[in-house]
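Asker: The file below is entry_34.cif, mmCIF, C-alpha atoms and all ligand atoms:
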data_final
#
loop_
_atom_site.label_atom_id
_atom_site.label_comp_id
_atom_site.auth_asym_id
_atom_site.auth_seq_id
_atom_site.Cartn_x
_atom_site.Cartn_y
_atom_site.Cartn_z
CA MET A 6 -6.65 -20.84 -30.57
CA ASN A 7 -7.95 -17.50 -31.93
CA LYS A 8 -10.93 -17.97 -34.23
CA SER A 9 -12.09 -15.33 -36.69
CA ALA A 10 -14.65 -15.35 -39.47
CA ILE A 11 -14.55 -12.97 -42.41
CA ILE A 12 -18.03 -12.62 -43.85
CA VAL A 13 -17.60 -11.19 -47.33
CA ALA A 14 -20.49 -9.08 -48.57
CA GLY A 15 -18.70 -6.45 -50.61
CA GLY A 16 -20.41 -7.28 -53.91
CA LYS A 17 -23.11 -5.48 -55.90
CA GLY A 18 -25.34 -8.50 -56.54
CA THR A 19 -25.62 -7.75 -60.26
CA ARG A 20 -27.14 -11.13 -61.15
CA MET A 21 -29.93 -10.67 -58.61
CA GLY A 22 -30.93 -7.38 -60.25
CA SER A 23 -32.63 -6.15 -57.07
CA PRO A 24 -32.95 -2.46 -56.08
CA ILE A 25 -30.58 -3.05 -53.15
CA PRO A 26 -27.66 -5.53 -53.14
CA LYS A 27 -28.86 -9.08 -52.38
CA GLN A 28 -27.03 -9.31 -49.05
CA TYR A 29 -29.49 -6.76 -47.60
CA LEU A 30 -32.68 -8.35 -49.03
CA GLU A 31 -35.01 -9.70 -46.37
CA ILE A 32 -35.81 -13.35 -45.84
CA GLY A 33 -37.98 -14.32 -42.90
CA GLY A 34 -38.29 -10.64 -41.95
CA LYS A 35 -34.61 -9.75 -41.77
CA PRO A 36 -31.66 -9.14 -44.11
CA VAL A 37 -29.82 -12.20 -45.48
CA LEU A 38 -26.56 -10.96 -43.96
CA MET A 39 -27.98 -10.92 -40.44
CA HIS A 40 -28.98 -14.58 -40.75
CA THR A 41 -25.43 -15.44 -41.83
CA LEU A 42 -23.79 -13.58 -38.94
CA GLU A 43 -26.21 -15.23 -36.52
CA VAL A 44 -25.21 -18.77 -37.50
CA PHE A 45 -21.58 -18.05 -36.57
CA TYR A 46 -22.45 -16.16 -33.39
CA GLN A 47 -24.90 -18.77 -32.15
CA LEU A 48 -22.34 -21.52 -32.75
CA ASP A 49 -19.63 -19.76 -30.77
CA ALA A 50 -19.81 -16.19 -29.49
CA GLN A 51 -16.00 -16.22 -29.17
CA ILE A 52 -15.52 -16.25 -32.95
CA ARG A 53 -14.44 -12.72 -33.92
CA LEU A 54 -16.73 -11.59 -36.74
CA ILE A 55 -15.39 -9.33 -39.46
CA LEU A 56 -18.00 -8.10 -41.90
CA VAL A 57 -16.79 -6.80 -45.26
CA ILE A 58 -19.26 -4.55 -47.10
CA PRO A 59 -18.87 -1.82 -49.73
CA GLU A 60 -17.63 1.41 -48.17
CA VAL A 61 -20.66 3.25 -49.62
CA ASP A 62 -23.02 0.92 -47.71
CA MET A 63 -21.56 1.48 -44.24
CA ASP A 64 -24.15 4.05 -43.07
CA PHE A 65 -26.96 2.00 -44.62
CA TRP A 66 -25.80 -1.12 -42.73
CA ILE A 67 -25.61 0.78 -39.44
CA GLU A 68 -29.18 2.00 -40.05
CA LEU A 69 -30.28 -1.57 -40.77
CA CYS A 70 -28.70 -2.80 -37.52
CA ASP A 71 -30.61 -0.11 -35.70
CA LYS A 72 -33.88 -0.91 -37.46
CA PHE A 73 -33.63 -4.65 -36.77
CA ASP A 74 -32.13 -4.31 -33.24
CA PHE A 75 -29.20 -6.34 -34.50
CA GLU A 76 -26.68 -6.47 -31.67
CA ILE A 77 -24.25 -9.22 -32.63
CA PRO A 78 -20.77 -7.69 -32.21
CA HIS A 79 -18.83 -7.41 -35.47
CA GLN A 80 -16.06 -5.33 -36.99
CA LEU A 81 -16.92 -3.50 -40.22
CA VAL A 82 -14.31 -3.44 -42.99
CA ALA A 83 -14.61 -1.76 -46.40
CA GLY A 84 -14.69 -4.13 -49.38
CA GLY A 85 -12.78 -3.84 -52.63
CA PRO A 86 -13.59 -4.04 -56.35
CA SER A 87 -13.22 -7.86 -56.43
CA ARG A 88 -13.99 -10.68 -54.01
CA PHE A 89 -10.24 -11.28 -53.78
CA GLN A 90 -9.65 -7.68 -52.62
CA SER A 91 -12.56 -7.82 -50.18
CA VAL A 92 -11.15 -10.98 -48.56
CA LYS A 93 -7.70 -9.39 -48.47
CA ASN A 94 -9.08 -6.31 -46.72
CA GLY A 95 -10.75 -8.61 -44.18
CA LEU A 96 -7.51 -10.52 -43.57
CA ASN A 97 -5.58 -7.27 -43.14
CA ALA A 98 -7.98 -6.33 -40.33
CA ILE A 99 -6.78 -9.29 -38.25
CA ALA A 100 -3.70 -8.42 -36.21
CA ASP A 101 -3.35 -11.86 -34.53
CA THR A 102 -0.12 -13.76 -35.12
CA GLN A 103 -1.72 -17.19 -34.88
CA GLY A 104 -5.11 -18.83 -35.15
CA VAL A 105 -7.62 -19.94 -37.75
CA VAL A 106 -9.90 -17.90 -39.95
CA ALA A 107 -13.07 -18.91 -41.76
CA ILE A 108 -13.87 -17.03 -44.96
CA HIS A 109 -17.57 -17.20 -45.76
CA ASP A 110 -19.87 -15.61 -48.35
CA GLY A 111 -22.38 -13.31 -46.66
CA VAL A 112 -25.00 -14.63 -49.09
CA ARG A 113 -24.79 -18.20 -47.79
CA PRO A 114 -27.07 -17.93 -44.73
CA PHE A 115 -27.95 -21.65 -44.68
CA VAL A 116 -24.52 -22.96 -43.76
CA SER A 117 -24.95 -25.55 -41.06
CA PRO A 118 -23.34 -24.84 -37.65
CA SER A 119 -21.79 -28.32 -37.73
CA VAL A 120 -20.02 -27.53 -41.01
CA ILE A 121 -18.57 -24.34 -39.49
CA ALA A 122 -17.45 -26.22 -36.37
CA GLU A 123 -15.87 -28.98 -38.44
CA SER A 124 -14.13 -26.42 -40.66
CA PHE A 125 -12.45 -24.81 -37.63
CA ARG A 126 -11.47 -28.23 -36.24
CA MET A 127 -10.01 -29.50 -39.52
CA ALA A 128 -8.25 -26.24 -40.37
CA SER A 129 -6.55 -26.34 -36.94
CA GLN A 130 -5.34 -29.83 -37.77
CA TYR A 131 -4.58 -29.66 -41.52
CA GLY A 132 -4.07 -25.95 -42.21
CA SER A 133 -7.19 -25.70 -44.35
CA ALA A 134 -10.76 -26.99 -44.54
CA ILE A 135 -12.88 -26.39 -47.62
CA ALA A 136 -16.60 -27.25 -47.63
CA VAL A 137 -17.66 -29.19 -50.75
CA VAL A 138 -20.67 -31.22 -51.88
CA PRO A 139 -21.03 -33.95 -54.50
CA LEU A 140 -22.76 -33.27 -57.83
CA LYS A 141 -26.26 -34.59 -58.42
CA ASP A 142 -26.39 -34.05 -62.19
CA SER A 143 -24.19 -35.47 -64.93
CA ILE A 144 -21.62 -33.06 -66.29
CA ARG A 145 -19.96 -32.46 -69.67
CA LYS A 146 -16.79 -30.54 -70.51
CA LEU A 147 -17.09 -28.03 -73.36
CA THR A 148 -14.36 -27.27 -75.88
CA ASP A 149 -13.70 -24.06 -77.77
CA GLU A 150 -14.60 -25.95 -80.95
CA GLY A 151 -18.19 -26.44 -79.78
CA LYS A 152 -17.85 -30.10 -78.84
CA SER A 153 -18.54 -31.64 -75.44
CA PHE A 154 -17.22 -34.64 -73.54
CA TYR A 155 -18.51 -36.90 -70.82
CA GLN A 156 -16.84 -36.41 -67.43
CA GLU A 157 -16.83 -38.84 -64.53
CA ARG A 158 -18.70 -36.85 -61.92
CA GLN A 159 -17.38 -38.84 -58.97
CA TYR A 160 -14.11 -36.96 -59.47
CA PHE A 161 -15.77 -33.52 -59.09
CA ARG A 162 -17.16 -31.54 -56.18
CA LEU A 163 -19.07 -28.27 -55.91
CA VAL A 164 -17.13 -25.87 -53.73
CA GLN A 165 -18.88 -23.85 -51.03
CA THR A 166 -17.80 -21.65 -48.18
CA PRO A 167 -16.74 -21.64 -45.36
CA GLN A 168 -13.17 -22.05 -46.45
CA THR A 169 -11.16 -22.05 -43.26
CA PHE A 170 -7.40 -21.69 -42.96
CA ASP A 171 -4.42 -21.35 -40.73
CA LEU A 172 -4.30 -17.56 -40.35
CA VAL A 173 -0.59 -17.06 -41.02
CA ARG A 174 -0.60 -19.12 -44.21
CA ILE A 175 -3.71 -17.60 -45.77
CA LYS A 176 -2.51 -14.07 -44.97
CA LYS A 177 0.79 -14.86 -46.68
CA ALA A 178 -1.01 -16.39 -49.68
CA PHE A 179 -3.11 -13.25 -50.17
CA ASP A 180 -0.07 -10.99 -49.65
CA VAL A 181 2.10 -12.60 -52.29
CA THR A 182 -0.56 -13.42 -54.90
CA GLU A 183 -0.49 -10.96 -57.76
CA LEU A 184 -3.03 -12.36 -60.21
CA HIS A 185 -6.50 -11.83 -58.80
CA HIS A 186 -8.55 -14.05 -61.10
CA PHE A 187 -9.18 -16.77 -58.51
CA THR A 188 -12.85 -17.40 -57.79
CA ASP A 189 -12.27 -18.76 -54.30
CA ASP A 190 -9.83 -18.69 -51.39
CA ALA A 191 -8.83 -22.35 -51.60
CA THR A 192 -7.27 -21.61 -54.98
CA VAL A 193 -5.25 -18.71 -53.59
CA PHE A 194 -3.98 -21.00 -50.79
CA GLU A 195 -3.22 -23.85 -53.21
CA HIS A 196 -1.35 -21.45 -55.51
CA GLN A 197 1.39 -21.39 -52.83
CA GLY A 198 1.91 -25.13 -53.30
CA TRP A 199 -0.10 -26.09 -50.20
CA GLN A 200 -2.67 -28.84 -50.54
CA VAL A 201 -6.24 -28.07 -49.50
CA HIS A 202 -8.19 -30.35 -47.18
CA LEU A 203 -11.83 -30.96 -48.18
CA ILE A 204 -14.70 -31.44 -45.75
CA ALA A 205 -18.39 -32.20 -46.35
CA GLY A 206 -20.54 -29.10 -46.82
CA ASN A 207 -24.34 -29.06 -46.56
CA ALA A 208 -26.64 -29.14 -49.57
CA GLU A 209 -28.83 -26.26 -48.30
CA ASN A 210 -25.78 -23.97 -48.15
CA ILE A 211 -26.70 -22.24 -51.41
CA LYS A 212 -25.08 -19.03 -52.58
CA ILE A 213 -28.01 -16.68 -53.08
CA THR A 214 -27.21 -15.40 -56.55
CA SER A 215 -30.25 -14.89 -58.79
CA PRO A 216 -33.99 -14.15 -58.20
CA GLU A 217 -35.12 -17.81 -58.09
CA ASP A 218 -32.71 -18.40 -55.21
CA MET A 219 -34.76 -15.99 -53.07
CA ASP A 220 -37.86 -18.24 -53.36
CA TYR A 221 -35.82 -21.27 -52.34
CA ALA A 222 -34.23 -19.27 -49.50
CA GLN A 223 -37.69 -18.35 -48.13
CA PHE A 224 -38.65 -22.01 -48.34
CA LEU A 225 -35.52 -23.15 -46.51
CA LEU A 226 -36.10 -20.63 -43.78
CA LEU A 227 -39.72 -21.69 -43.23
CA LYS A 228 -38.62 -25.34 -43.15
CA SER A 229 -35.98 -24.80 -40.47
N1 LIG B 301 -16.07 -7.06 -54.67
C1 LIG B 301 -16.69 -8.07 -54.06
C2 LIG B 301 -17.46 -9.01 -54.80
C3 LIG B 301 -18.12 -10.02 -54.12
N2 LIG B 301 -18.03 -10.11 -52.78
C4 LIG B 301 -18.79 -11.09 -52.03
O1 LIG B 301 -18.48 -12.41 -52.42
C5 LIG B 301 -19.60 -13.25 -52.24
C6 LIG B 301 -19.82 -14.13 -53.47
O2 LIG B 301 -19.92 -13.31 -54.61
P1 LIG B 301 -21.19 -13.20 -55.57
O3 LIG B 301 -22.25 -14.15 -55.18
O4 LIG B 301 -20.68 -13.23 -56.96
O5 LIG B 301 -21.73 -11.74 -55.20
P2 LIG B 301 -21.78 -10.44 -56.09
O6 LIG B 301 -20.44 -10.12 -56.64
O7 LIG B 301 -22.42 -9.42 -55.24
O8 LIG B 301 -22.81 -10.88 -57.23
P3 LIG B 301 -22.77 -10.59 -58.80
O9 LIG B 301 -21.58 -11.37 -59.33
O10 LIG B 301 -24.07 -11.12 -59.31
O11 LIG B 301 -22.62 -9.10 -58.98
C7 LIG B 301 -20.80 -12.36 -51.96
O12 LIG B 301 -21.16 -12.47 -50.60
C8 LIG B 301 -20.30 -11.00 -52.33
O13 LIG B 301 -20.90 -9.92 -51.59
C9 LIG B 301 -17.23 -9.20 -52.07
O14 LIG B 301 -17.13 -9.31 -50.84
N3 LIG B 301 -16.59 -8.20 -52.73
C1 LIG B 302 -16.36 -18.60 -53.16
C2 LIG B 302 -17.45 -19.32 -53.91
O1 LIG B 302 -18.70 -19.09 -53.29
C3 LIG B 302 -17.20 -20.82 -53.85
O2 LIG B 302 -18.17 -21.49 -54.57
C4 LIG B 302 -17.56 -18.88 -55.35
O3 LIG B 302 -16.40 -19.22 -56.04
C5 LIG B 302 -17.87 -17.39 -55.50
O4 LIG B 302 -17.99 -17.11 -56.87
P1 LIG B 302 -18.64 -15.76 -57.37
O5 LIG B 302 -18.52 -15.76 -58.86
O6 LIG B 302 -17.85 -14.66 -56.69
O7 LIG B 302 -20.06 -15.79 -56.93
#
Let me see whether you can do it: turn the structure in this file into C-alpha cells.
Answerer:
Amino acid sequence: MNKSAIIVAGGKGTRMGSPIPKQYLEIGGKPVLMHTLEVFYQLDAQIRLILVIPEVDMDFWIELCDKFDFEIPHQLVAGGPSRFQSVKNGLNAIADTQGVVAIHDGVRPFVSPSVIAESFRMASQYGSAIAVVPLKDSIRKLTDEGKSFYQERQYFRLVQTPQTFDLVRIKKAFDVTELHHFTDDATVFEHQGWQVHLIAGNAENIKITSPEDMDYAQFLLLKS
C-alpha cells in the first residue's frame, strides 16, 4: 500500500502577525515545519512526504534546510491562494493509482505518531480517517438575530488533521468540487456522498494560529 502525506504550509499566517509566516517560526531551536515533517518521517520513513509551501518561499525554505542541516527527503510543491488549492496541488503531485494519503497542516507539529499510524490503518479499511477530539467547554449556537441557544456538546467534535483518505477517492473529490469554501478535506470528501470515518486525535495537536499558541507550543516541546 503506497502511503503519502501532504503537509500543507502554503498560508501567510495572517493571524500570527509575525515577520515571517508562522510555519517557519522556531520552536525548540528549529522551524515548526521541520518538527511536523519529522513526526511523519520518524514514524515511517517509507511515507512519501509532499510539502506544499508558497512558491515565493521556495528559495527561503531551501536555505532553511541548509541552515538547519535538515535532510528528511520531501518533494516541494507550490501552494495556491486557498488551503483547498494548496491541497489540490499536493494531490496532483501524486501519480500513484492506488494507496492512501494523509493531509496534515504544517502548523500542527504535536500530532502524535500513534494518531498518524491509526489514520493510515483506518483509511485503508474505511476509505477515510479524520482525527477529532471532544469539546471541553460548553457551546452555544448563535443566530443572526443576536440570540443564542444551548447545544448538547456530546454531539460535537473538534476536527484536527491528519485527515487521511483513499487516494483515488480524495483525488476525484478535489477534481470535481467547484465551490472552494470548505475549511477541511473531510468536507470535500463528504460532499461526494461518502461518509467520513472519525478517529481519536490527540489534545496536544493544536493548530498554531495566533501568538499565544507559540508560548504553549514551546511548553509542549519542553514537556516532551
Ligand atoms: N493558501 C493556503 C492557506 C493555508 N494553508 C495551510 O493550511 C494550514 C491551516 O491554515 P491556517 O492555520 O489558517 O494558516 P494560514 O492561512 O497561514 O493562517 P491565517 O488564516 O492566519 O492567514 C496551514 O498549515 C497553512 O499554511 C495552505 O497550505 N495554503
Ligand atoms: C483543516 C483544519 O485544521 C481542521 O481543523 C481547519 O479547518 C483549518 O482551518 P483554517 O481556517 O484554514 O485554519
Asker: Could you tell me which of A:Ile135, A:Val181, A:Val105, A:Met39 comes closest to Val201 in chain A if we count all atoms listed in the file?
Answerer: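 Distance minimum relative to Val201 in chain A lands on A:Ile135.
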Asker: Might you pull out every residue within 12 Å of Ala222 in chain A, with only C-alpha atoms counted and same-chain residues fewer than 4 positions away left off, and present them as a VMD selection string?
Answerer: chain A and resid 27 30 to 33 36 to 37 40 112 to 116 209 to 218 226 to 229
Asker: Which one is closest to ligand LIG 302 (chain B): A:Gly151, A:Gly111, A:Gly34, A:Pro24? Count all atoms listed in the file.
Answerer: A:Gly111
Asker: Tell me which of A:Asp142, A:Glu76, A:Glu123, A:Asp190 sits closest to ligand LIG 301 (chain B), counting all atoms listed in the file.
Answerer: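 Ranked by minimum distance to ligand LIG 301 (chain B), first place goes to A:Asp190.
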Asker: Residues at most 6 Å from ligand LIG 302 (chain B), using all atoms listed in the file? Could they come as a ChimeraX atom specification?
Answerer: /A:164-166,188-189
Asker: If you keep C-alpha atoms, can you produce a file of those selected residues as a PDB file, keeping the file's coordinate frame?
Answerer:
ATOM      1  CA  VAL A 164     -17.130 -25.870 -53.730  1.00  0.00           C
ATOM      2  CA  GLN A 165     -18.880 -23.850 -51.030  1.00  0.00           C
ATOM      3  CA  THR A 166     -17.800 -21.650 -48.180  1.00  0.00           C
ATOM      4  CA  THR A 188     -12.850 -17.400 -57.790  1.00  0.00           C
ATOM      5  CA  ASP A 189     -12.270 -18.760 -54.300  1.00  0.00           C
TER       6      ASP A 189
END
Asker: Can you work out the spacing between CA of Ser91 in chain A and CA of Ile11 in chain A in Å, to one decimal?
Answerer: 9.5 Å
Asker: Would you mind listing the residues within 8 Å of ligand LIG 301 (chain B), counting all atoms listed in the file, as number ranges by chain?
Answerer: A: 12-22, 26-28, 57-59, 84-92, 109-113, 212-215
Asker: Taking only C-alpha atoms into account, name the residue in A:His79, A:Lys35, A:His186, A:His196 that is nearest to Leu56 in chain A.
Answerer: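 Comparing A:His79, A:Lys35, A:His186, A:His196 against Leu56 in chain A, the winner is A:His79.
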Asker: For Arg53 in chain A, please output as a PyMOL selection string all residues within 8 Å (counting only C-alpha atoms; exclusion window: fewer than 3 positions along the same chain).
Answerer: chain A and resi 8-10+50+79
Asker: Using CA of Glu150 in chain A and CA of His185 in chain A as the two end points, give the distance in Å to one decimal.
Answerer: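 Between these atoms lies a distance of 27.5 Å.
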Asker: Report, in Å to a single decimal, how far apart CA of Ser119 in chain A and CA of His202 in chain A are.
Answerer: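 Result for CA of His202 in chain A versus CA of Ser119 in chain A: 16.7 Å, one decimal.
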Asker: Which residues come within 9 Å of Lys146 in chain A, counting all atoms listed in the file, excluding same-chain residues fewer than 3 positions away, as a compact mmCIF listing (two decimals) with C-alpha atoms, in the coordinates of the input?
Answerer:
# COMPACT_ATOMS: atom_id res chain seq x y z
CA LYS A 152 -17.85 -30.10 -78.84
CA SER A 153 -18.54 -31.64 -75.44
CA PHE A 154 -17.22 -34.64 -73.54
CA TYR A 155 -18.51 -36.90 -70.82
CA GLN A 156 -16.84 -36.41 -67.43
